[in-house]
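Let me begin by presenting the structure, written as C-alpha cells, before commenting on it.
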Amino acid sequence: MTRRTFWQIALATAATGAAARSAMERLFDGRDFKGWRRAGNGVWTIEDGCIVARFDRAKPGPGYLFTAGEYGDFDLRLEFWISRRGNSGVYVRQPWRHFGTIGDARPAHSPGDGVEVQIDYNDPKNMTGAIYNRKQPTAIRGGEERWVRYRIACTGPRVDVWIDGEQVNSYDDLKSPRGAIGFQMHGQEPHDHVVKFRNIEITA
C-alpha cells in the first residue's frame, strides 16, 4: 500500500466516523423537557441532569413521557436507574393519541400501538429486556439501584434489545411503522419507587 493510499483510507474512515457521530441526536439536554410531552399521571422532574419519575399520590395512576417527534427505523441508546422492586419501561414507535391510565387506553395496549421494552427485575413474566407481554429476554442483565445501559434498535418490524452491551431480545412483529419514544412511570398501586433516565441519544 502506498503512503497516498493509506492516507486516503484513513481520511475516508475518519469522515465516515464523523458522519456517524453527527447523525446521533441527543434527545434530552439534562436541563429541561423541551422536545417532550407528558400524558397520564405521575411526577416528572429533572434532577442532576436526569429525568426522574415518581408516583403521584394526589393523582394515582401511571404516567408517561413521550418525545414530541416520531421515529421509524432508529437506534436508541440510554441509561436507566430503577429503585428496588421498581417497574418501568421504554415505549417505541408509539403513535400519539389520547392516553389513559387503565386498560387499552394505556400505551402499547391498543391495535396499531408500538411496544413497551420492560424495565423490571421482579416480574417473572416480563423481566428487564422483555417486549412486554410478547417476548421474554434470553438473559437477565443489569440490576436495581445502579445505572444500566439500554440499547433498543427498530428496523422494519424488528426490535432488538441490548443491556450493558449484550443482546437479550429480538422481536420481529412490531406493527407500528412510526411513533414516539416514551418512558413509563408505573402506577397502578401506590408506591415509593423511583426511575431515572440519562444520556438519551438516537440515530435515525
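We name chains A, B, ... following the order of the C-alpha cells; residues begin at 1 in each chain, and ligands are numbered from 1 as shown.
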### Task
Considering only C-alpha atoms, return as number ranges by chain whatever protein or nucleic-acid residues lie within 12 Å of Arg84 in chain A, sequence-local ones (same chain, fewer than 3 positions apart) excluded.
A: 81, 87-88, 119-122, 143-146, 191-195
Could those selected residues go to a file with C-alpha atoms, as a PDB file, in the first residue's frame?
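Below is the file that was written, part.pdb:
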ATOM      1  CA  TRP A  81     -31.654   3.564  37.150  1.00  0.00           C
ATOM      2  CA  ASN A  87     -41.330  -1.146  37.447  1.00  0.00           C
ATOM      3  CA  SER A  88     -40.909   0.961  34.322  1.00  0.00           C
ATOM      4  CA  ILE A 119     -37.603  -2.394  32.981  1.00  0.00           C
ATOM      5  CA  ASP A 120     -38.422  -4.674  35.917  1.00  0.00           C
ATOM      6  CA  TYR A 121     -36.330  -7.146  37.916  1.00  0.00           C
ATOM      7  CA  ASN A 122     -39.268  -8.700  39.782  1.00  0.00           C
ATOM      8  CA  GLY A 143     -29.874  -4.699  38.157  1.00  0.00           C
ATOM      9  CA  GLU A 144     -31.678  -2.426  40.574  1.00  0.00           C
ATOM     10  CA  GLU A 145     -30.191   0.702  42.125  1.00  0.00           C
ATOM     11  CA  ARG A 146     -27.356   1.005  39.592  1.00  0.00           C
ATOM     12  CA  HIS A 191     -45.577   3.092  45.740  1.00  0.00           C
ATOM     13  CA  ASP A 192     -42.385   4.999  46.515  1.00  0.00           C
ATOM     14  CA  HIS A 193     -40.340   3.667  43.612  1.00  0.00           C
ATOM     15  CA  VAL A 194     -38.124   5.917  41.523  1.00  0.00           C
ATOM     16  CA  VAL A 195     -36.920   5.529  37.941  1.00  0.00           C
TER      17      VAL A 195
END
### Message
I want to know what sits within 12 Å of Asp160 in chain A, based on only C-alpha atoms, with residues of the same chain fewer than 2 positions away left out; could you give that as number ranges by chain?
### Response
A: 73-77, 92, 115, 117, 129-131, 135, 137-138, 150-158, 162-163, 165-174
Would you mind exporting the chosen residues as an mmCIF file, in the first residue's frame, restricted to N, CA and C atoms?
data_model
loop_
_atom_site.group_PDB
_atom_site.id
_atom_site.type_symbol
_atom_site.label_atom_id
_atom_site.label_comp_id
_atom_site.auth_asym_id
_atom_site.auth_seq_id
_atom_site.Cartn_x
_atom_site.Cartn_y
_atom_site.Cartn_z
ATOM 1 N N ASP A 73 -37.334 3.780 11.636
ATOM 2 C CA ASP A 73 -36.159 2.981 11.995
ATOM 3 C C ASP A 73 -35.208 3.847 12.809
ATOM 4 N N PHE A 74 -34.653 3.292 13.886
ATOM 5 C CA PHE A 74 -33.750 4.065 14.730
ATOM 6 C C PHE A 74 -32.917 3.137 15.605
ATOM 7 N N ASP A 75 -31.886 3.730 16.189
ATOM 8 C CA ASP A 75 -31.019 3.066 17.163
ATOM 9 C C ASP A 75 -30.976 3.978 18.389
ATOM 10 N N LEU A 76 -31.579 3.546 19.498
ATOM 11 C CA LEU A 76 -31.711 4.351 20.701
ATOM 12 C C LEU A 76 -30.730 3.872 21.765
ATOM 13 N N ARG A 77 -30.020 4.805 22.393
ATOM 14 C CA ARG A 77 -29.106 4.478 23.488
ATOM 15 C C ARG A 77 -29.486 5.338 24.693
ATOM 16 N N VAL A 92 -41.579 2.229 22.292
ATOM 17 C CA VAL A 92 -41.015 2.537 20.977
ATOM 18 C C VAL A 92 -42.115 2.507 19.924
ATOM 19 N N VAL A 115 -44.644 -0.905 21.073
ATOM 20 C CA VAL A 115 -44.461 -1.892 22.148
ATOM 21 C C VAL A 115 -43.693 -1.246 23.300
ATOM 22 N N VAL A 117 -40.647 -1.892 25.975
ATOM 23 C CA VAL A 117 -39.488 -2.689 26.345
ATOM 24 C C VAL A 117 -39.328 -2.537 27.857
ATOM 25 N N GLY A 129 -35.737 -6.112 29.628
ATOM 26 C CA GLY A 129 -35.359 -6.571 28.290
ATOM 27 C C GLY A 129 -36.491 -7.268 27.563
ATOM 28 N N ALA A 130 -37.583 -7.562 28.262
ATOM 29 C CA ALA A 130 -38.737 -8.198 27.620
ATOM 30 C C ALA A 130 -39.465 -7.208 26.718
ATOM 31 N N ILE A 131 -40.040 -7.712 25.640
ATOM 32 C CA ILE A 131 -41.040 -6.954 24.891
ATOM 33 C C ILE A 131 -42.343 -7.272 25.621
ATOM 34 N N LYS A 135 -42.505 -11.118 24.346
ATOM 35 C CA LYS A 135 -41.338 -11.982 24.259
ATOM 36 C C LYS A 135 -40.372 -11.684 25.399
ATOM 37 N N PRO A 137 -36.735 -11.829 27.531
ATOM 38 C CA PRO A 137 -35.319 -11.745 27.164
ATOM 39 C C PRO A 137 -34.640 -13.099 27.314
ATOM 40 N N THR A 138 -33.546 -13.267 26.618
ATOM 41 C CA THR A 138 -32.786 -14.524 26.703
ATOM 42 C C THR A 138 -31.883 -14.569 27.929
ATOM 43 N N TYR A 150 -28.966 0.721 28.172
ATOM 44 C CA TYR A 150 -30.005 0.124 27.339
ATOM 45 C C TYR A 150 -29.778 0.568 25.896
ATOM 46 N N ARG A 151 -29.861 -0.381 24.980
ATOM 47 C CA ARG A 151 -29.848 -0.058 23.556
ATOM 48 C C ARG A 151 -31.037 -0.756 22.920
ATOM 49 N N ILE A 152 -31.845 0.006 22.184
ATOM 50 C CA ILE A 152 -33.029 -0.539 21.517
ATOM 51 C C ILE A 152 -32.997 -0.076 20.063
ATOM 52 N N ALA A 153 -33.009 -1.000 19.131
ATOM 53 C CA ALA A 153 -32.974 -0.671 17.712
ATOM 54 C C ALA A 153 -34.225 -1.202 17.025
ATOM 55 N N CYS A 154 -34.858 -0.356 16.234
ATOM 56 C CA CYS A 154 -36.027 -0.762 15.449
ATOM 57 C C CYS A 154 -35.683 -0.682 13.967
ATOM 58 N N THR A 155 -35.901 -1.783 13.271
ATOM 59 C CA THR A 155 -35.676 -1.852 11.832
ATOM 60 C C THR A 155 -36.840 -2.601 11.218
ATOM 61 N N GLY A 156 -37.677 -1.899 10.453
ATOM 62 C CA GLY A 156 -38.884 -2.542 9.933
ATOM 63 C C GLY A 156 -39.721 -3.066 11.092
ATOM 64 N N PRO A 157 -40.161 -4.323 11.032
ATOM 65 C CA PRO A 157 -40.977 -4.876 12.122
ATOM 66 C C PRO A 157 -40.158 -5.459 13.269
ATOM 67 N N ARG A 158 -38.846 -5.254 13.234
ATOM 68 C CA ARG A 158 -37.978 -5.913 14.207
ATOM 69 C C ARG A 158 -37.507 -4.955 15.300
ATOM 70 N N TRP A 162 -30.423 -4.582 23.704
ATOM 71 C CA TRP A 162 -29.163 -4.899 24.363
ATOM 72 C C TRP A 162 -29.160 -4.296 25.767
ATOM 73 N N ILE A 163 -28.591 -5.006 26.721
ATOM 74 C CA ILE A 163 -28.404 -4.495 28.079
ATOM 75 C C ILE A 163 -26.919 -4.586 28.410
ATOM 76 N N GLY A 165 -24.443 -3.874 26.737
ATOM 77 C CA GLY A 165 -23.673 -4.364 25.611
ATOM 78 C C GLY A 165 -23.992 -5.760 25.132
ATOM 79 N N GLU A 166 -24.859 -6.487 25.844
ATOM 80 C CA GLU A 166 -25.208 -7.855 25.443
ATOM 81 C C GLU A 166 -26.632 -7.903 24.882
ATOM 82 N N GLN A 167 -26.785 -8.481 23.689
ATOM 83 C CA GLN A 167 -28.123 -8.589 23.123
ATOM 84 C C GLN A 167 -28.936 -9.609 23.899
ATOM 85 N N VAL A 168 -30.161 -9.195 24.294
ATOM 86 C CA VAL A 168 -31.003 -10.061 25.116
ATOM 87 C C VAL A 168 -32.369 -10.325 24.493
ATOM 88 N N ASN A 169 -32.691 -9.655 23.385
ATOM 89 C CA ASN A 169 -34.003 -9.891 22.780
ATOM 90 C C ASN A 169 -33.979 -9.481 21.315
ATOM 91 N N SER A 170 -34.817 -10.158 20.536
ATOM 92 C CA SER A 170 -35.062 -9.812 19.145
ATOM 93 C C SER A 170 -36.492 -10.220 18.821
ATOM 94 N N TYR A 171 -37.304 -9.238 18.536
ATOM 95 C CA TYR A 171 -38.738 -9.442 18.312
ATOM 96 C C TYR A 171 -39.069 -8.921 16.925
ATOM 97 N N ASP A 172 -39.778 -9.702 16.109
ATOM 98 C CA ASP A 172 -39.963 -9.312 14.707
ATOM 99 C C ASP A 172 -41.422 -9.162 14.294
ATOM 100 N N ASP A 173 -42.262 -8.668 15.210
ATOM 101 C CA ASP A 173 -43.668 -8.493 14.853
ATOM 102 C C ASP A 173 -44.198 -7.133 15.310
ATOM 103 N N LEU A 174 -43.372 -6.114 15.200
ATOM 104 C CA LEU A 174 -43.803 -4.761 15.548
ATOM 105 C C LEU A 174 -44.727 -4.234 14.454
#
### Task
Give the strand (DSSP E) residues of chain A, as assigned by DSSP on the backbone, as a PyMOL selection string.
chain A and resi 24-26+36-40+43-47+50-54+63-67+74-82+87-94+115-120+148-155+158-163+166-171+180-185+194-203
#### Entry: Polymer residues at most 12 Å from Gly49 in chain A, only C-alpha atoms, same-chain spacing of 4 or more positions, as JSON, numbers by chain
{"A": [28, 29, 30, 31, 32, 33, 45, 196, 197, 198, 199, 200]}
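Within 12 Å of Gly179 in chain A, once only C-alpha atoms are used and residues closer than 4 positions along the same chain are dropped, the contacting residues are Phe66, Thr67, Ala68, Gly69, Glu70, Tyr71, Gly72, Asp73, Phe74, Tyr91, Val92, Arg93, Gln94, Pro95, Trp96, Arg97, Pro107, Ala108, Gly112, Asp113, Gly114, Val115, Cys154, Leu174 and Lys175 of chain A.
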### Test item, alpha helix (DSSP H) assignment across range 15-118 of chain A, answer as number ranges by chain
A: 15-23
For the residues in the current selection, export C-alpha atoms as an mmCIF file, in the first residue's frame.
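Writing done, so here's result_0.cif:
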data_model
loop_
_atom_site.group_PDB
_atom_site.id
_atom_site.type_symbol
_atom_site.label_atom_id
_atom_site.label_comp_id
_atom_site.auth_asym_id
_atom_site.auth_seq_id
_atom_site.Cartn_x
_atom_site.Cartn_y
_atom_site.Cartn_z
ATOM 1 C CA ALA A 15 -15.123 11.119 7.581
ATOM 2 C CA THR A 16 -17.385 8.105 7.988
ATOM 3 C CA GLY A 17 -16.923 8.179 11.751
ATOM 4 C CA ALA A 18 -17.626 11.910 11.903
ATOM 5 C CA ALA A 19 -20.796 11.460 9.842
ATOM 6 C CA ALA A 20 -21.965 8.690 12.143
ATOM 7 C CA ARG A 21 -21.325 10.841 15.215
ATOM 8 C CA SER A 22 -23.116 13.832 13.698
ATOM 9 C CA ALA A 23 -26.141 11.639 12.965
#
